[in-house]
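J.: Here it is, the structure in full.
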Amino acid sequence: MDLGISYAQTENPINSVLIHAEGTLGERLISLLNARGVNTLFQQNPSKTPWKAEEIEAFMQKVIQFAKQHGGLNSFVYLLPILPRDTIFDTKLSENWSLAMDYLREAFLFYRQATKLLVSQRQGCLMTVAFGMGARGHENMISMSVVAEAITGMNTCLTAEVMKQNVRINTLYYGLIEEADYDPETRQGLHHFCKLLDIPRVGQAEDIATWIHLLSTEEGSFINGQVIKINGGLL
Amino acid sequence: MTQAVADVQIPACNLLAGKKVFITGGTRGIGRAICTLFAQQGADIAFNYKSNEQAAAEIQTEIEGLGRRCISFKASVSDLPAVRQMFKEGAKFLGGLDILVNNASIKKDAFAAMIPEQDWVDVIDTNLKGTFYCCREGIKLMLRKKTGVIINLTSLSGIIGNIGQAHYAASKGGLIALTKTLAKELAGKNIRVNGIAPGLIKTDMIENIPEKILESHLTALPMKRFGESIEVATVALFLASDLSTYMTGEVINVNGGLYM
């Protein structure tokens, strides 16, 4: 598990935490957010295994420290890793399903702690960033679809629970993004898929960073409880 | 608090004549209404329940009194070996499986920040994992006959959320994705998968909601009354029968207009 802080080289930066910032997408988001004036405390887990409860507890202490040192936390971003492809007929389904349920529990444990912190500050935005196939279902990604939509379901409840405390909860569903950590098959056909589906171009990490930045700032403070689809119009 | 009551009369049209049905969580509320309605429409029933043996015996007697065959299992849907066993025995008793209704569900309401990890695990295990286990076992049986219907009972909470139900909403939101994904995977195998998202239905699931909150819900409800279990069961009947043979991957809201 790698932890780090990456500072923005601007005046009056805002502060954000990024969970599961591993891989090309995570790295790119950190640098793009820094360029936009966001200090990021990030966590990367190259082994791609969900965290245990005690690890989350320990990490959240670092988050509280980070928030204290930098005058508060503006956003807490959970990047749901992309799970391997599977179908109901797949022999590896049980393994994937267990992994999906572990990520779902991990998200809950992070959110439970993060909402407490944001509520104590009376400000901030909690965001989930996920490969968004859940809303429509995806025949080759059963575990991924279920966990993404389950987190969205949880987020709708959290929104109602903490909106009065000026804490916002939003979900960003991304589609075909250049830097995302897809399986080799999807990665190889990325540009082809976009043409096939009439999507004007392959998405970039920049398209996601724009939204994370907006939702972390005062400009995005009236956007709450939304599922924002960043997918070039993929229907 | 007073409210109008639904007057629901369902003619016995044998819409499910000879169908073999498995219903999870058959002893309470919506599950119980589905068991009875489906038997009235000509289906043989297998159902499971977690603890209420007396209610299970009553339902079994009622179904057999209608001239239908019935078997019940005391088992939790979150216990994989038990699920495998009850589907094996259920299919043997019924002579196959045509329709699976995943209704078993629990809730343990609390603000998200106060939910103990064990409560999270219990709710997800029963509502989401349990349904997944039952789908998988049911699908194996349906593939043999190259036909089948699955109905998943999800919830309005999984769509628009509800204060104090983060784990419940997560499980039900996940169920919607599971329903749509399975519908896509199984459409070519002649197995239809649909969902029902009930709103506020008069079952023990709303018993613990404080009167004040229920009244505020009632004010917001365009139909100004809570639903009856039978009003969800009739939608399940439609989805289970040949009246809906071109429908798959849908989640039907049954909520008196609450989510419009």
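Labels for the structure tokens follow display order: chains A, B, ..., residues from 1 in each chain, ligands from 1.
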Show me, as JSON, numbers by chain, every residue of chain B with an atom at most 10 Å from chain A, counting only C-alpha atoms.
T.: {"B": [111, 112, 113, 114, 115, 116, 117, 120, 121, 124, 125, 128, 129, 132, 133, 135, 136, 139, 140, 156, 157, 158, 159, 160, 161, 162, 163, 164, 165, 166, 167, 168, 169, 170, 171, 172, 173, 174, 175, 176, 177, 178, 179, 180, 181, 182, 183, 184, 185, 186, 249]}
J.: Give me the residues near Leu18 (chain A) as a PyMOL selection string, where near means some atom within 8 Å (using only C-alpha atoms) and where sequence neighbours in that chain fewer than 2 positions away do not count.
T.: chain A and resi 16+20-21+40-43+76-79
J.: Of the residues A:Leu25, A:Ile19, A:Ile64, A:Met163, which is the one nearest to Glu106 (chain A), using only C-alpha atoms?
T.: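 Looking only at the distances to Glu106 (chain A), the closest residue turns out to be A:Ile19.
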J.: Report as a PyMOL selection string all protein, DNA and RNA residues lying within 7 Å of region 39-54 of chain B, evaluated on only C-alpha atoms, omitting residues in the same chain fewer than 2 positions from it.
T.: chain B and resi 12-27+35-37+56-58+63+66+68-76+90+94
J.: Going by DSSP on the backbone, which bits of region 13-183 of chain B are strand (DSSP E)? Write them as a VMD selection string, please.
T.: chain B and resid 20 to 23 44 to 49 70 to 74 99 to 102 148 to 153
J.: Can you pull out every residue within 8 Å of Pro200 (chain A), counting only C-alpha atoms, but drop anything in the same chain fewer than 5 positions away, and send it as a ChimeraX atom specification?
T.: /A:194-195,232
J.: So how many Å separate CA of Pro81 (chain A) and CA of His191 (chain A), to one decimal?
T.: 21.2 Å
J.: Please measure the separation of CA of Val167 (chain A) and CA of Leu126 (chain A), giving the value in Å to one decimal.
T.: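 Answer for the CA of Val167 (chain A) to CA of Leu126 (chain A) separation: 7.7 Å.
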J.: What are the DSSP helix (DSSP H, G or I) residues of region 33-214 of chain B, as number ranges by chain?
T.: B: 33-40, 53-65, 80-94, 112-114, 117-145, 157-160, 166-189, 211-214
